[in-house]
Amino acid sequence: MLAATTSGFVMGGTLIIAVGAQNSFLIEQSMKKQWTTLFVLLFILSDAISISLGAMGFGLLLQEYPMLVTVTKWAGVAFLLWIAFNKIKSSLANDALVLAMAKKQLSFKKALLIALAVTWLNPHFYLDTLLLMGNLASQWQENKWWFVGGAIGASVVWFVGLSTLTARFAHHMQRPNFWRWFNRLNAAVLGMVSIQLASL
């Protein structure tokens with residue numbers, strides 16, 4: 001029981017940290033202090049749903065219908081490259097405009113669509129949570145739900161911790177150069193994720 005929970009926590013934490021697009025989005029929203037709690041809950045709930053479905057065997061759908069992964073992959077690649085392009089564009093503006101864009105509040109609808117897209121249009125999300133974590137959970141047999149609980153616990157710790165830490169230091173990040181380089185780094189992360197997706 002304890003071994004299964006610990007294993008789920010460790011494996012879940014390792015995989016969650018690697019989902020760069022989600023983390024970049026959450027960091028930016030946490031610095032702006034815009035609907036952060038909602039997106040933390042959304043990411044945790046998404047992980048919980050996908051990992052639980054994987055533990056119930058739904059990961060087999062990815063193996064039986066690879067077209068699902070292909071369609072999601074190219075939609076995700078296009079979307080991430082579009083966001084990366086806009087981040088680079090923002091980083092090239094003058095100081096006043098950089099700060100103005102950094103403080104600009106997204107509409108709730110747009111922010112929610114981006115949050116859903118960086119999660120559910122990312123094939124890595126499915127492969128890591130639905131397939132890999134699902135397969136690992138099934139190996140624990142009668143203790144598989146303890147494994148799932150541990151993995152969800154890692155999701156809670158990571159997303160709550162990341163948003164809380166970022167919000168705490170947000171007041172140190174209100175300089176044009178910070179946002180300029182943050183946007184460039186963000187674009188680089190999204191670009192690398194899109195390249196990884198395209199090579200799947």
# chains A, B, ... in the order shown; residues from 1 in each chain; ligands from 1
>>> residues_around(residues="Ala21 (chain A)", least_positions_apart="3", cutoff="6 Å", atoms="only C-alpha atoms", output="list in words")
Ser24, Val118 and Leu190 of chain A
>>> closest_residue(among="A:Asn143, A:Ser91, A:Gln29, A:Thr70", to="Ala55 (chain A)", atoms="only C-alpha atoms")
A:Asn143
>>> residues_around(residues="Asn186 (chain A)", least_positions_apart="6", cutoff="12 Å", atoms="only C-alpha atoms", output="NGL selection string")
:A and (20-28 or 80-81 or 83-91 or 178-180 or 192-193)
>>> write_last_selection(atoms="N, CA and C atoms", output="PDB file, in the first residue's frame")
ATOM      1  N   GLY A  20       6.334  20.871 -20.123  1.00  0.00           N
ATOM      2  CA  GLY A  20       6.772  22.263 -20.151  1.00  0.00           C
ATOM      3  C   GLY A  20       5.705  23.272 -20.498  1.00  0.00           C
ATOM      4  N   ALA A  21       4.821  22.953 -21.427  1.00  0.00           N
ATOM      5  CA  ALA A  21       3.811  23.920 -21.868  1.00  0.00           C
ATOM      6  C   ALA A  21       2.856  24.275 -20.727  1.00  0.00           C
ATOM      7  N   GLN A  22       2.425  23.290 -19.972  1.00  0.00           N
ATOM      8  CA  GLN A  22       1.548  23.536 -18.816  1.00  0.00           C
ATOM      9  C   GLN A  22       2.235  24.416 -17.785  1.00  0.00           C
ATOM     10  N   ASN A  23       3.474  24.061 -17.466  1.00  0.00           N
ATOM     11  CA  ASN A  23       4.205  24.787 -16.442  1.00  0.00           C
ATOM     12  C   ASN A  23       4.456  26.237 -16.847  1.00  0.00           C
ATOM     13  N   SER A  24       4.816  26.460 -18.111  1.00  0.00           N
ATOM     14  CA  SER A  24       5.061  27.823 -18.591  1.00  0.00           C
ATOM     15  C   SER A  24       3.796  28.666 -18.482  1.00  0.00           C
ATOM     16  N   PHE A  25       2.675  28.069 -18.869  1.00  0.00           N
ATOM     17  CA  PHE A  25       1.404  28.797 -18.806  1.00  0.00           C
ATOM     18  C   PHE A  25       1.049  29.137 -17.358  1.00  0.00           C
ATOM     19  N   LEU A  26       1.213  28.167 -16.460  1.00  0.00           N
ATOM     20  CA  LEU A  26       0.855  28.393 -15.060  1.00  0.00           C
ATOM     21  C   LEU A  26       1.758  29.439 -14.411  1.00  0.00           C
ATOM     22  N   ILE A  27       3.047  29.429 -14.750  1.00  0.00           N
ATOM     23  CA  ILE A  27       3.975  30.428 -14.205  1.00  0.00           C
ATOM     24  C   ILE A  27       3.547  31.827 -14.627  1.00  0.00           C
ATOM     25  N   GLU A  28       3.221  31.968 -15.923  1.00  0.00           N
ATOM     26  CA  GLU A  28       2.812  33.287 -16.417  1.00  0.00           C
ATOM     27  C   GLU A  28       1.529  33.761 -15.739  1.00  0.00           C
ATOM     28  N   LEU A  80       1.078  25.198 -30.317  1.00  0.00           N
ATOM     29  CA  LEU A  80       2.240  25.595 -29.528  1.00  0.00           C
ATOM     30  C   LEU A  80       3.158  26.529 -30.302  1.00  0.00           C
ATOM     31  N   LEU A  81       3.327  26.281 -31.605  1.00  0.00           N
ATOM     32  CA  LEU A  81       4.164  27.158 -32.429  1.00  0.00           C
ATOM     33  C   LEU A  81       3.530  28.541 -32.553  1.00  0.00           C
ATOM     34  N   ILE A  83       1.648  30.011 -30.261  1.00  0.00           N
ATOM     35  CA  ILE A  83       1.893  30.704 -28.992  1.00  0.00           C
ATOM     36  C   ILE A  83       3.349  31.159 -28.918  1.00  0.00           C
ATOM     37  N   ALA A  84       4.292  30.283 -29.328  1.00  0.00           N
ATOM     38  CA  ALA A  84       5.719  30.619 -29.289  1.00  0.00           C
ATOM     39  C   ALA A  84       6.010  31.836 -30.165  1.00  0.00           C
ATOM     40  N   PHE A  85       5.403  31.896 -31.347  1.00  0.00           N
ATOM     41  CA  PHE A  85       5.588  33.038 -32.252  1.00  0.00           C
ATOM     42  C   PHE A  85       5.144  34.327 -31.584  1.00  0.00           C
ATOM     43  N   ASN A  86       4.008  34.293 -30.910  1.00  0.00           N
ATOM     44  CA  ASN A  86       3.492  35.483 -30.236  1.00  0.00           C
ATOM     45  C   ASN A  86       4.368  35.900 -29.056  1.00  0.00           C
ATOM     46  N   LYS A  87       4.988  34.916 -28.383  1.00  0.00           N
ATOM     47  CA  LYS A  87       5.903  35.240 -27.283  1.00  0.00           C
ATOM     48  C   LYS A  87       7.150  35.944 -27.814  1.00  0.00           C
ATOM     49  N   ILE A  88       7.688  35.450 -28.929  1.00  0.00           N
ATOM     50  CA  ILE A  88       8.858  36.084 -29.539  1.00  0.00           C
ATOM     51  C   ILE A  88       8.510  37.501 -29.992  1.00  0.00           C
ATOM     52  N   LYS A  89       7.358  37.643 -30.599  1.00  0.00           N
ATOM     53  CA  LYS A  89       6.891  38.955 -31.066  1.00  0.00           C
ATOM     54  C   LYS A  89       6.793  39.930 -29.898  1.00  0.00           C
ATOM     55  N   SER A  90       6.267  39.462 -28.765  1.00  0.00           N
ATOM     56  CA  SER A  90       6.142  40.314 -27.576  1.00  0.00           C
ATOM     57  C   SER A  90       7.506  40.728 -27.038  1.00  0.00           C
ATOM     58  N   SER A  91       8.472  39.811 -27.112  1.00  0.00           N
ATOM     59  CA  SER A  91       9.795  40.092 -26.548  1.00  0.00           C
ATOM     60  C   SER A  91      10.564  41.145 -27.337  1.00  0.00           C
ATOM     61  N   PHE A 178      12.988  41.401 -17.548  1.00  0.00           N
ATOM     62  CA  PHE A 178      12.565  40.089 -17.073  1.00  0.00           C
ATOM     63  C   PHE A 178      11.529  39.504 -18.023  1.00  0.00           C
ATOM     64  N   TRP A 179      10.508  40.292 -18.361  1.00  0.00           N
ATOM     65  CA  TRP A 179       9.447  39.790 -19.225  1.00  0.00           C
ATOM     66  C   TRP A 179       9.950  39.519 -20.639  1.00  0.00           C
ATOM     67  N   ARG A 180      10.899  40.362 -21.084  1.00  0.00           N
ATOM     68  CA  ARG A 180      11.466  40.140 -22.413  1.00  0.00           C
ATOM     69  C   ARG A 180      12.117  38.759 -22.499  1.00  0.00           C
ATOM     70  N   MET A 192      10.599  23.727 -28.239  1.00  0.00           N
ATOM     71  CA  MET A 192      11.179  22.398 -28.014  1.00  0.00           C
ATOM     72  C   MET A 192      10.099  21.339 -27.826  1.00  0.00           C
ATOM     73  N   VAL A 193       9.026  21.715 -27.105  1.00  0.00           N
ATOM     74  CA  VAL A 193       7.919  20.768 -26.910  1.00  0.00           C
ATOM     75  C   VAL A 193       7.282  20.431 -28.255  1.00  0.00           C
TER      76      VAL A 193
END
>>> closest_residue(among="A:Val148, A:Ala137, A:Gly161, A:Pro123", to="Met67 (chain A)", atoms="only C-alpha atoms")
A:Pro123
>>> residues_around(residues="Gly12 (chain A)", least_positions_apart="3", cutoff="8 Å", atoms="only C-alpha atoms", output="MDAnalysis selection string")
chainID A and resid 8:9 15:16 133 150:152 154:155
>>> closest_residue(among="A:Gly76, A:Pro176, A:Gly13, A:Gly153", to="Gly191 (chain A)", atoms="only C-alpha atoms")
A:Gly76
>>> closest_residue(among="A:Lys32, A:Lys109, A:Thr37, A:Ser199", to="Val160 (chain A)", atoms="only C-alpha atoms")
A:Thr37
>>> residues_around(residues="Gly54 (chain A)", least_positions_apart="2", cutoff="10 Å", atoms="only C-alpha atoms", output="ChimeraX atom specification")
/A:48-52,56-61,126-138,148
>>> residues_around(residues="Leu92 (chain A)", least_positions_apart="6", cutoff="10 Å", atoms="only C-alpha atoms", output="list in words")
Val98, Arg180, Trp181, Asn183 and Arg184 of chain A
>>> write_last_selection(atoms="C-alpha atoms", output="PDB file, in the first residue's frame")
ATOM      1  CA  VAL A  98       6.626  44.793 -23.054  1.00  0.00           C
ATOM      2  CA  ARG A 180      11.466  40.140 -22.413  1.00  0.00           C
ATOM      3  CA  TRP A 181      13.640  37.151 -21.508  1.00  0.00           C
ATOM      4  CA  ASN A 183       8.879  35.458 -23.193  1.00  0.00           C
ATOM      5  CA  ARG A 184      11.941  34.261 -25.112  1.00  0.00           C
TER       6      ARG A 184
END
>>> atom_distance(atom1="CA of Lys144 (chain A)", atom2="CA of Ser46 (chain A)")
18.5 Å
>>> atom_distance(atom1="CA of Leu116 (chain A)", atom2="CA of Trp146 (chain A)")
26.9 Å
>>> residues_around(residues="Trp35 (chain A)", least_positions_apart="5", cutoff="9 Å", atoms="only C-alpha atoms", output="PyMOL selection string")
chain A and resi 29-30+40+108+111
>>> write_last_selection(atoms="N, CA, C and O atoms", output="PDB file, in the first residue's frame")
ATOM      1  N   GLN A  29       0.541  32.878 -15.625  1.00  0.00           N
ATOM      2  CA  GLN A  29      -0.719  33.260 -14.992  1.00  0.00           C
ATOM      3  C   GLN A  29      -0.524  33.550 -13.501  1.00  0.00           C
ATOM      4  O   GLN A  29      -1.201  34.415 -12.946  1.00  0.00           O
ATOM      5  N   SER A  30       0.397  32.840 -12.862  1.00  0.00           N
ATOM      6  CA  SER A  30       0.662  33.073 -11.439  1.00  0.00           C
ATOM      7  C   SER A  30       1.323  34.431 -11.230  1.00  0.00           C
ATOM      8  O   SER A  30       1.041  35.127 -10.252  1.00  0.00           O
ATOM      9  N   VAL A  40      -4.835  25.796 -11.596  1.00  0.00           N
ATOM     10  CA  VAL A  40      -4.225  24.750 -10.772  1.00  0.00           C
ATOM     11  C   VAL A  40      -5.202  23.583 -10.628  1.00  0.00           C
ATOM     12  O   VAL A  40      -4.834  22.418 -10.824  1.00  0.00           O
ATOM     13  N   PHE A 108     -11.264  35.552 -19.867  1.00  0.00           N
ATOM     14  CA  PHE A 108     -11.398  34.247 -19.224  1.00  0.00           C
ATOM     15  C   PHE A 108     -11.513  33.133 -20.260  1.00  0.00           C
ATOM     16  O   PHE A 108     -10.893  32.074 -20.136  1.00  0.00           O
ATOM     17  N   ALA A 111      -8.055  32.452 -21.918  1.00  0.00           N
ATOM     18  CA  ALA A 111      -7.143  31.811 -20.968  1.00  0.00           C
ATOM     19  C   ALA A 111      -7.538  30.354 -20.736  1.00  0.00           C
ATOM     20  O   ALA A 111      -6.674  29.462 -20.685  1.00  0.00           O
TER      21      ALA A 111
END
>>> select_by_dssp(residues="region 25-190 of chain A", states="alpha helix (DSSP H)", output="NGL selection string")
:A and (25-32 or 36-55 or 60-64 or 66-91 or 95-103 or 108-120 or 123-125 or 134-138 or 144-168 or 176-190)
>>> atom_distance(atom1="CA of Val77 (chain A)", atom2="CA of Phe43 (chain A)")
19.6 Å
